[in-house]
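What's in coords-v7.txt: compact mmCIF, C-alpha atoms and all ligand atoms
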```txt
# COMPACT_ATOMS: atom_id res chain seq x y z
CA MET R 6 0.00 0.00 0.00
CA THR R 7 2.59 2.53 1.08
CA SER R 8 4.63 2.36 -2.14
CA THR R 9 1.77 3.87 -4.18
CA LEU R 10 1.96 7.04 -2.04
CA HIS R 11 5.43 7.78 -3.38
CA ARG R 12 6.12 9.43 -6.70
CA THR R 13 6.86 7.02 -9.53
CA LYS R 14 10.53 7.34 -10.50
CA LYS R 15 11.38 8.13 -14.11
CA VAL R 16 14.38 6.83 -16.01
CA LEU R 17 15.58 7.54 -19.54
CA SER R 18 17.25 4.34 -20.74
CA ILE R 19 19.54 4.78 -23.77
CA GLN R 20 20.63 1.35 -24.97
CA SER R 21 20.37 -1.13 -27.85
CA HIS R 22 17.09 -2.79 -28.86
CA VAL R 23 16.55 -6.31 -30.19
CA ILE R 24 13.23 -7.42 -31.66
CA HIS R 25 13.78 -11.01 -30.55
CA GLY R 26 15.40 -11.69 -27.19
CA TYR R 27 16.54 -9.73 -24.15
CA VAL R 28 19.71 -7.63 -24.22
CA GLY R 29 20.21 -3.86 -23.90
CA ASN R 30 16.92 -2.01 -23.43
CA LYS R 31 14.98 -5.28 -23.80
CA ALA R 32 16.83 -6.62 -20.73
CA ALA R 33 16.33 -3.42 -18.72
CA THR R 34 12.81 -2.17 -19.55
CA PHE R 35 10.48 -4.94 -18.34
CA PRO R 36 12.40 -5.52 -15.07
CA LEU R 37 12.46 -1.77 -14.33
CA GLN R 38 8.76 -1.39 -15.18
CA TYR R 39 7.91 -4.43 -13.12
CA ARG R 40 9.75 -2.85 -10.20
CA GLY R 41 7.69 0.30 -10.53
CA TRP R 42 9.65 2.61 -12.82
CA ASP R 43 8.35 4.80 -15.64
CA VAL R 44 10.87 3.90 -18.35
CA ASP R 45 11.42 6.19 -21.35
CA VAL R 46 13.19 3.93 -23.84
CA LEU R 47 15.58 5.38 -26.41
CA ASN R 48 16.94 2.68 -28.69
CA THR R 49 20.42 3.34 -30.13
CA VAL R 50 20.11 0.45 -32.61
CA GLN R 51 17.32 -1.86 -33.72
CA PHE R 52 18.55 -5.38 -34.48
CA SER R 53 16.54 -8.54 -35.24
CA ASN R 54 18.41 -10.31 -32.42
CA HIS R 55 21.73 -9.87 -30.61
CA PRO R 56 25.06 -10.47 -32.39
CA GLY R 57 25.72 -13.59 -30.25
CA TYR R 58 23.49 -15.41 -32.76
CA ALA R 59 25.15 -16.44 -36.06
CA HIS R 60 23.15 -13.85 -38.05
CA PHE R 61 21.35 -10.63 -37.37
CA THR R 62 19.94 -7.75 -39.40
CA GLY R 63 18.76 -4.27 -38.52
CA PHE R 64 19.91 -0.69 -38.39
CA LYS R 65 21.62 1.87 -36.22
CA CYS R 66 20.20 5.28 -35.27
CA SER R 67 22.21 8.22 -36.54
CA THR R 68 23.82 10.56 -34.04
CA GLU R 69 21.57 13.40 -35.31
CA GLU R 70 18.42 11.35 -34.67
CA LEU R 71 19.48 10.47 -31.12
CA VAL R 72 20.47 14.06 -30.32
CA GLU R 73 17.25 15.50 -31.75
CA ILE R 74 15.00 13.10 -29.82
CA VAL R 75 16.57 14.03 -26.49
CA GLU R 76 17.39 17.73 -27.02
CA LYS R 77 14.38 18.87 -29.03
CA GLY R 78 11.84 16.29 -27.96
CA LEU R 79 12.26 15.05 -24.41
CA ILE R 80 14.03 18.06 -22.87
CA GLY R 81 13.11 20.92 -25.24
CA ALA R 82 9.43 20.35 -26.01
CA LEU R 83 8.35 18.15 -23.10
CA GLY R 84 10.70 19.42 -20.39
CA ILE R 85 10.77 16.02 -18.72
CA LYS R 86 12.67 15.74 -15.45
CA TYR R 87 14.28 12.35 -14.99
CA ASP R 88 15.44 10.77 -11.76
CA ALA R 89 18.00 8.73 -13.66
CA VAL R 90 19.55 8.38 -17.09
CA LEU R 91 20.92 4.96 -17.92
CA THR R 92 23.40 4.71 -20.80
CA GLY R 93 24.67 1.52 -22.44
CA TYR R 94 25.61 0.51 -25.98
CA PHE R 95 26.21 3.26 -28.57
CA PRO R 96 26.72 2.33 -32.24
CA ASN R 97 29.72 4.61 -32.89
CA VAL R 98 32.21 7.01 -31.28
CA GLN R 99 30.42 10.14 -32.40
CA ALA R 100 27.07 9.04 -30.95
CA LEU R 101 28.77 8.17 -27.67
CA GLN R 102 30.55 11.53 -27.51
CA LYS R 103 27.52 13.65 -28.40
CA MET R 104 25.04 11.82 -26.20
CA ALA R 105 27.44 11.81 -23.25
CA GLY R 106 27.72 15.60 -23.67
CA ILE R 107 23.94 15.95 -23.50
CA VAL R 108 23.50 13.61 -20.52
CA GLY R 109 26.37 15.36 -18.71
CA GLN R 110 24.66 18.70 -19.23
CA MET R 111 21.33 17.30 -17.96
CA CYS R 112 23.10 16.22 -14.75
CA ASP R 113 24.96 19.53 -14.37
CA GLU R 114 21.76 21.54 -14.76
CA ASP R 115 19.74 19.43 -12.34
CA GLU R 116 21.48 17.68 -9.47
CA ASN R 117 18.51 15.36 -9.02
CA VAL R 118 19.32 13.55 -12.29
CA GLN R 119 21.58 10.58 -11.60
CA TRP R 120 23.69 9.12 -14.42
CA VAL R 121 24.15 5.36 -14.40
CA LEU R 122 26.78 4.52 -16.99
CA ASP R 123 27.59 1.05 -18.32
CA PRO R 124 30.83 1.61 -20.29
CA VAL R 125 30.02 -0.96 -23.00
CA LEU R 126 33.34 -1.80 -24.69
CA GLY R 127 33.66 -5.58 -24.82
CA ASP R 128 34.02 -8.77 -22.83
CA ASN R 129 36.50 -11.61 -22.26
CA GLY R 130 39.44 -9.75 -23.80
CA ARG R 131 37.59 -8.72 -26.96
CA LEU R 132 36.40 -5.22 -27.91
CA TYR R 133 32.99 -5.10 -29.59
CA VAL R 134 33.01 -1.38 -30.29
CA ASP R 135 35.46 0.91 -32.14
CA GLU R 136 38.66 1.07 -30.08
CA LYS R 137 38.43 4.88 -30.07
CA CYS R 138 35.52 4.45 -27.62
CA VAL R 139 38.02 3.48 -24.89
CA ALA R 140 39.58 6.97 -24.87
CA VAL R 141 36.15 8.57 -25.11
CA TYR R 142 34.87 6.64 -22.08
CA ARG R 143 38.02 7.65 -20.15
CA ASP R 144 37.26 11.30 -20.95
CA ILE R 145 33.60 10.96 -20.00
CA LEU R 146 34.45 9.32 -16.67
CA GLN R 147 37.03 12.01 -15.95
CA SER R 148 34.85 14.98 -16.73
CA SER R 149 31.29 13.98 -15.77
CA LYS R 150 29.50 13.48 -12.51
CA ILE R 151 28.51 9.82 -12.56
CA PHE R 152 26.26 8.25 -9.92
CA LEU R 153 27.25 4.68 -10.77
CA ALA R 154 29.51 3.00 -13.36
CA THR R 155 29.26 -0.74 -14.06
CA PRO R 156 32.25 -2.04 -16.07
CA ASN R 157 32.88 -5.78 -16.42
CA GLN R 158 36.40 -7.17 -15.76
CA PHE R 159 37.72 -6.41 -19.27
CA GLU R 160 36.22 -2.91 -19.28
CA MET R 161 37.72 -2.15 -15.83
CA GLU R 162 41.12 -3.28 -17.15
CA LEU R 163 40.81 -0.92 -20.13
CA LEU R 164 39.71 1.99 -17.96
CA VAL R 165 42.52 1.69 -15.42
CA GLY R 166 45.17 0.39 -17.84
CA MET R 167 46.22 -2.69 -15.83
CA PRO R 168 45.26 -6.37 -15.66
CA VAL R 169 42.85 -7.26 -12.86
CA ARG R 170 43.42 -10.94 -12.09
CA THR R 171 44.02 -11.15 -8.31
CA LEU R 172 42.55 -9.60 -5.16
CA GLU R 173 45.64 -7.38 -4.91
CA ASP R 174 45.07 -6.20 -8.52
CA THR R 175 41.42 -5.54 -7.67
CA LYS R 176 42.39 -3.35 -4.74
CA ARG R 177 44.91 -1.41 -6.88
CA ALA R 178 42.44 -1.11 -9.76
CA PHE R 179 39.78 0.47 -7.53
CA GLU R 180 42.42 2.82 -6.11
CA LEU R 181 43.51 3.86 -9.60
CA PHE R 182 39.92 4.18 -10.77
CA HIS R 183 39.13 6.55 -7.92
CA GLU R 184 42.32 8.59 -8.52
CA ARG R 185 41.61 8.95 -12.24
CA TYR R 186 37.85 9.34 -12.05
CA PRO R 187 37.09 11.14 -8.77
CA ARG R 188 33.71 12.40 -10.05
CA VAL R 189 32.41 8.82 -10.33
CA THR R 190 30.76 8.24 -6.95
CA ARG R 191 30.12 4.48 -7.19
CA VAL R 192 31.64 1.70 -9.26
CA VAL R 193 30.68 -1.96 -9.46
CA VAL R 194 32.78 -4.45 -11.44
CA THR R 195 30.15 -6.93 -12.53
CA SER R 196 32.15 -10.15 -12.92
CA LEU R 197 35.75 -10.81 -11.98
CA GLU R 198 37.51 -14.12 -12.39
CA LEU R 199 40.30 -13.98 -9.79
CA SER R 200 43.13 -16.49 -9.36
CA GLU R 201 42.54 -16.85 -5.58
CA PHE R 202 39.10 -18.32 -6.28
CA SER R 203 39.84 -20.28 -9.46
CA ASN R 204 39.01 -23.61 -7.74
CA ASP R 205 35.81 -22.33 -6.16
CA ASN R 206 33.85 -21.89 -9.40
CA VAL R 207 32.69 -18.39 -8.46
CA TYR R 208 32.45 -14.95 -10.01
CA VAL R 209 33.58 -12.08 -7.82
CA VAL R 210 31.41 -8.95 -8.02
CA ALA R 211 33.13 -5.98 -6.37
CA GLY R 212 32.01 -2.46 -5.49
CA PHE R 213 33.27 0.82 -4.11
CA ASP R 214 31.38 3.90 -2.95
CA SER R 215 33.71 6.89 -2.63
CA SER R 216 31.15 8.77 -0.53
CA LEU R 217 31.36 6.05 2.15
CA GLY R 218 35.12 5.71 2.74
CA ASP R 219 37.87 3.53 1.42
CA GLU R 220 36.43 0.05 1.58
CA VAL R 221 36.09 -2.22 -1.46
CA PHE R 222 33.55 -4.98 -0.86
CA PHE R 223 32.91 -8.10 -2.88
CA TYR R 224 30.43 -10.94 -3.23
CA LYS R 225 31.32 -14.44 -4.44
CA ILE R 226 28.62 -15.75 -6.75
CA PRO R 227 28.50 -19.49 -7.58
CA LYS R 228 28.82 -19.95 -11.35
CA ILE R 229 25.90 -21.46 -13.20
CA ASN R 230 27.20 -23.83 -15.93
CA ALA R 231 26.18 -21.53 -18.81
CA THR R 232 26.95 -18.23 -20.50
CA PHE R 233 24.16 -15.68 -20.71
CA SER R 234 23.60 -12.63 -22.94
CA GLY R 235 22.02 -9.62 -21.31
CA SER R 236 23.05 -10.43 -17.73
CA GLY R 237 25.25 -7.29 -17.61
CA ASP R 238 22.41 -5.07 -18.79
CA LEU R 239 20.06 -6.68 -16.28
CA ILE R 240 22.35 -6.15 -13.29
CA THR R 241 22.92 -2.48 -14.17
CA ALA R 242 19.14 -1.97 -14.33
CA MET R 243 18.54 -3.79 -11.03
CA LEU R 244 21.28 -1.79 -9.30
CA THR R 245 19.66 1.41 -10.54
CA ASP R 246 16.38 0.26 -9.01
CA SER R 247 17.90 -0.84 -5.74
CA LEU R 248 19.87 2.39 -5.29
CA LEU R 249 17.30 4.92 -6.44
CA ASN R 250 13.80 3.52 -5.99
CA ASN R 251 13.68 3.63 -2.23
CA HIS R 252 9.90 4.01 -1.90
CA GLY R 253 10.36 6.75 0.68
CA ARG R 254 12.95 4.82 2.68
CA THR R 255 16.40 6.38 3.17
CA GLN R 256 18.98 5.53 0.53
CA GLN R 257 20.74 2.30 1.35
CA PRO R 258 24.49 1.68 1.00
CA LEU R 259 25.86 0.34 -2.31
CA SER R 260 26.83 -2.96 -0.65
CA THR R 261 23.19 -3.58 0.39
CA SER R 262 21.88 -2.60 -3.06
CA LEU R 263 24.40 -4.84 -4.79
CA GLY R 264 23.44 -7.76 -2.51
CA GLN R 265 19.81 -7.32 -3.59
CA ALA R 266 20.55 -6.78 -7.30
CA LEU R 267 22.67 -9.93 -7.25
CA TRP R 268 19.87 -11.90 -5.60
CA LEU R 269 17.47 -10.84 -8.39
CA VAL R 270 19.94 -11.51 -11.22
CA THR R 271 21.09 -14.86 -9.80
CA SER R 272 17.49 -16.01 -9.32
CA ILE R 273 16.56 -14.98 -12.87
CA LEU R 274 19.64 -16.66 -14.39
CA GLN R 275 18.94 -19.85 -12.41
CA LYS R 276 15.31 -19.86 -13.59
CA THR R 277 16.49 -19.25 -17.18
CA TYR R 278 18.98 -22.11 -16.85
CA ASP R 279 16.43 -24.51 -15.33
CA LEU R 280 13.91 -23.82 -18.10
CA ASN R 281 16.60 -24.36 -20.77
CA VAL R 282 17.80 -27.60 -19.22
CA ALA R 283 14.20 -28.84 -18.92
CA ASN R 284 13.95 -28.37 -22.71
CA GLN R 285 17.42 -29.50 -23.76
CA GLY R 286 18.30 -32.16 -21.18
CA PRO R 287 21.50 -32.46 -19.09
CA HIS R 288 24.95 -31.36 -20.36
CA ASP R 289 28.60 -31.47 -19.25
CA SER R 290 30.22 -28.30 -20.60
CA ALA R 291 28.79 -24.78 -20.24
CA ILE R 292 25.83 -24.10 -22.52
CA SER R 293 25.34 -20.78 -24.28
CA ILE R 294 21.93 -19.37 -23.34
CA LYS R 295 21.02 -16.66 -25.81
CA ASP R 296 17.79 -15.33 -24.33
CA LEU R 297 16.99 -14.61 -20.69
CA LYS R 298 13.59 -15.90 -19.51
CA LEU R 299 12.52 -12.52 -18.15
CA ILE R 300 8.77 -12.88 -18.50
CA GLN R 301 8.82 -16.27 -16.78
CA SER R 302 10.78 -14.56 -13.97
CA ARG R 303 8.15 -11.98 -13.13
CA ASP R 304 7.42 -13.48 -9.71
CA ILE R 305 11.10 -13.01 -8.85
CA LEU R 306 10.98 -9.39 -9.98
CA LYS R 307 7.92 -8.75 -7.80
CA GLN R 308 9.76 -9.46 -4.51
CA ASP R 309 9.52 -6.57 -2.04
CA PRO R 310 11.61 -6.30 0.02
CA VAL R 311 14.21 -8.01 -2.15
CA PRO R 312 16.24 -10.67 -0.31
CA SER R 313 20.02 -10.29 -0.30
CA MET R 314 22.87 -12.55 -1.39
CA GLY R 315 24.26 -12.27 2.15
CA LYS R 316 27.16 -10.32 3.60
CA PRO R 317 30.06 -9.23 1.37
CA ASP R 318 33.77 -9.56 2.16
CA THR R 319 35.78 -6.33 2.40
CA ILE R 320 39.27 -5.01 1.62
CA ASN R 321 40.60 -1.56 2.54
CA ILE R 322 42.31 0.50 -0.14
N1 LIG E 401 27.27 -18.15 -15.53
C1 LIG E 401 26.86 -17.33 -14.57
N2 LIG E 401 26.59 -17.82 -13.34
C2 LIG E 401 26.17 -17.03 -12.34
N3 LIG E 401 25.99 -15.71 -12.47
C3 LIG E 401 26.25 -15.15 -13.68
C4 LIG E 401 26.69 -15.92 -14.79
N4 LIG E 401 26.85 -15.09 -15.84
C5 LIG E 401 26.53 -13.86 -15.41
N5 LIG E 401 26.18 -13.88 -14.11
C6 LIG E 401 25.69 -12.76 -13.29
O1 LIG E 401 25.39 -11.67 -14.13
C7 LIG E 401 26.10 -10.52 -13.74
C8 LIG E 401 26.54 -9.74 -14.95
O2 LIG E 401 27.24 -10.55 -15.83
P1 LIG E 401 28.51 -10.08 -16.63
O3 LIG E 401 29.01 -11.27 -17.37
O4 LIG E 401 29.44 -9.35 -15.73
O5 LIG E 401 27.95 -9.02 -17.56
P2 LIG E 401 28.64 -8.37 -18.81
O6 LIG E 401 27.77 -8.88 -19.87
O7 LIG E 401 28.56 -6.90 -18.57
O8 LIG E 401 30.05 -8.92 -18.90
C9 LIG E 401 27.26 -11.02 -12.89
O9 LIG E 401 27.52 -10.10 -11.87
C10 LIG E 401 26.71 -12.30 -12.29
O10 LIG E 401 25.99 -11.96 -11.12
C1 LIG E 402 23.93 -4.77 -29.04
C2 LIG E 402 24.05 -5.51 -27.73
N1 LIG E 402 23.64 -4.93 -26.60
C3 LIG E 402 23.75 -5.59 -25.42
C4 LIG E 402 24.28 -6.88 -25.33
C5 LIG E 402 24.29 -7.60 -24.03
O1 LIG E 402 25.44 -7.47 -23.38
P1 LIG E 402 25.66 -8.17 -21.97
O2 LIG E 402 25.59 -9.65 -22.20
O3 LIG E 402 27.03 -7.67 -21.67
O4 LIG E 402 24.65 -7.68 -21.03
C6 LIG E 402 24.70 -7.47 -26.45
C7 LIG E 402 25.27 -8.81 -26.30
O5 LIG E 402 25.28 -9.62 -27.15
C8 LIG E 402 24.59 -6.78 -27.67
O6 LIG E 402 24.99 -7.34 -28.77
```

Represent the supplied structure as C-alpha cells.
Amino acid sequence: MTSTLHRTKKVLSIQSHVIHGYVGNKAATFPLQYRGWDVDVLNTVQFSNHPGYAHFTGFKCSTEELVEIVEKGLIGALGIKYDAVLTGYFPNVQALQKMAGIVGQMCDEDENVQWVLDPVLGDNGRLYVDEKCVAVYRDILQSSKIFLATPNQFEMELLVGMPVRTLEDTKRAFELFHERYPRVTRVVVTSLELSEFSNDNVYVVAGFDSSLGDEVFFYKIPKINATFSGSGDLITAMLTDSLLNNHGRTQQPLSTSLGQALWLVTSILQKTYDLNVANQGPHDSAISIKDLKLIQSRDILKQDPVPSMGKPDTINI
C-alpha cells in the first residue's frame, strides 16, 4: 500500500534494442517497469536479435536522430525531469561523444538527475566497439558526474590500464579508478575471475562507494554452468532500481543494493537455466543461453523487500 503514495521514479534508458530476445533495453525495460519505474526507452540500434546469434539484421540510429530526440523532444518540447539516465551501448564514437555531452549537461543543470553509466566496450578480452571508444569513455568518466559505473572485468582493465586478475590487482584497480575518475561516486565491477578463487567456481562482483570511505567490498557468486547474454544489462538496471527507488525509505548503501541486485539476477539466471535444461536435457560443458527468460521470472521481480545474497567480504584501499 505505502509504495503507491510515493512518486513514480522516471528513467531515460539509452541502450540497444533487439526485436527477438533480451539484451540492452529489452533486458532493462520490463524488469524496471515491473519494479515500478516509468521507463522512457531510447533505442540506439534496432537489431533482429543480438550479435551472439550467427546472423542478425537491422539498423543503427544516426547521431543526429538520437540528439534530436533528447534535445528537441524530451528536454526541449516536453521538459521532462528524470530521476535517472541509464546509458549503455552506442553504435559509434560520435554518438557516444555527443550523447554523453547531453546527458552530462542534464546532470549539471539538475542535481537530481543521476547518471548510471555502463561503459560498453567488450568482454573476455575482446572489444565489440570501435577502439576509439576506450579513450572517449576515459574522458567521459574524468569529466562527468557519474552516480554509478558498471564495467565488467575487461572494461575495468581498459579503464585503469592494468590487468585485474588477483585480489591485490582488484584493490589497486579500484584505487587507480578513484584517482583517475574522482567524479564517479560508485563503481561496481560486474564479474571478476580472480586467481585466488579459481578452484571455487565463483564470479567475484566488487564495489566501491567513494562517498562512504575507502572500503572495497565483494560478493562471491556461484557460477551457473552456462553463459548468458544480457546479464550485464540486467544487473545495471537492477542496481539502478535498488539504489534509487527507495519508496520513501532512506537511501541504502551500495553494498546492500548490490546484494539485492545480485539476488534478483542470480534467481533470474537460475530460472532461465532450469527452463533451458528442462527443454534440452542435461549437459557437461557450459551451454550458451542466448535469451533470458525474463517474463517467466516476473514473480522473482515482484519481490519486495528483495532478499540479499548475504554479507560481502571487504578489503581496505
Ligand atoms: N554463468 C553465470 N553464473 C552465475 N551468475 C552469472 C553468470 N553469468 C553472469 N552472471 C551474473 O550476471 C552478472 C553480470 O554478468 P557479466 O558477465 O558481468 O555481464 P557483462 O555482460 O557486462 O560482462 C554477474 O555479476 C553475475 O551476477
Ligand atoms: C547490441 C548488444 N547490446 C547488449 C548486449 C548484451 O550485453 P551483456 O551480455 O554484456 O549484457 C549485447 C550482447 O550480445 C549486444 O549485442

Around all the atoms of ligand LIG 402 (chain E) listed in the file, with 4 Å of room on each side, what axis-aligned box do you get, giving centre and edge lengths in Å to one decimal, as AutoDock Vina command-line options?
```
--center_x 25.3 --center_y -7.2 --center_z -25.0 --size_x 11.4 --size_y 12.9 --size_z 16.0
```

*asked:* Calculated over only C-alpha atoms and all ligand atoms, which of the candidates R:Val139, R:Ile80, R:Val16, R:Leu126 has the smallest distance to ligand LIG 401 (chain E)?
replied: R:Leu126

_Applying 10 Å and only C-alpha atoms, which residues near Ile85 of chain R remain after dropping the ones on its own chain fewer than 5 positions away? List them as a list of chain:residue names._
R:Lys15, R:Leu17, R:Val75, R:Gly78, R:Leu79, R:Ile80

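The binding environment of ligand LIG 401 (chain E), defined as every protein, DNA or RNA residue with an atom no more than 6 Å away and counting all atoms listed in the file, comprises Asp128, Asn157, Thr195, Ser196, Val210, Pro227, Lys228, Ile229, Asn230, Ala231, Thr232, Phe233, Gly235, Ser236, Gly237, Ile240, Leu267 and Thr271 of chain R.
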
With the cut-off set at 6 Å and counting all atoms listed in the file, tabulate each residue of segment 45-96 of chain R with an atom at most that distance from an atom of segment 115-120 of chain R, showing the nearest atom pair and its distance in Å to one decimal, ordered by chain and increasing number, as a Markdown table.
```
| residue | atom | partner | partner_atom | distance |
| --- | --- | --- | --- | --- |
| R:Tyr87 | CA | R:Val118 | CA | 5.8 |
| R:Asp88 | CA | R:Val118 | CA | 4.8 |
| R:Ala89 | CA | R:Gln119 | CA | 4.5 |
| R:Val90 | CA | R:Trp120 | CA | 5.0 |
```

*Would you list the residues near (32.2, -2.4, 0.1), meaning any protein, DNA or RNA residue with an atom at most 12 Å from that point in file coordinates, counting all atoms listed in the file, as a PyMOL selection string?*
chain R and resi 176+179+191-194+210-224+258-264+316-322

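Around Thr34 of chain R, within 9 Å and counting only C-alpha atoms, the residues found are Ser18, Trp42, Val44, Asp45, Val46 and Ala242 of chain R, once anything fewer than 6 positions away on its own chain is removed.
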
Prev. selection, C-alpha atoms, output as a PDB file, in the coordinates of the input:
```
ATOM      1  CA  SER R  18      17.250   4.340 -20.740  1.00  0.00           C
ATOM      2  CA  TRP R  42       9.650   2.610 -12.820  1.00  0.00           C
ATOM      3  CA  VAL R  44      10.870   3.900 -18.350  1.00  0.00           C
ATOM      4  CA  ASP R  45      11.420   6.190 -21.350  1.00  0.00           C
ATOM      5  CA  VAL R  46      13.190   3.930 -23.840  1.00  0.00           C
ATOM      6  CA  ALA R 242      19.140  -1.970 -14.330  1.00  0.00           C
TER       7      ALA R 242
END
```

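For Arg40 of chain R, the residues within 10 Å (counting only C-alpha atoms, excluding itself and residues fewer than 3 positions away along the chain) are Thr34, Phe35, Pro36, Leu37, Asp43, Met243, Asp246, Ser247, Asn250, Arg303, Leu306, Lys307, Gln308 and Asp309 of chain R.
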
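Atom CA of Val50 of chain R lies 5.8 Å from atom CA of His22 of chain R.
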
*What gap, in Å, lies between atom CA of Thr277 of chain R and atom CA of Val311 of chain R?*
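Between atom CA of Thr277 of chain R and atom CA of Val311 of chain R the gap works out to 18.9 Å.
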
*Smallest atom-to-atom distance to Glu160 of chain R: which of R:Arg185, R:Glu180, R:Leu172, R:Leu132, using all atoms listed in the file?*
R:Leu132

*Grab the atom CA of Lys276 of chain R to atom CA of Ser302 of chain R distance for me, in Å with one decimal place.*
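A separation of 7.0 Å between them.
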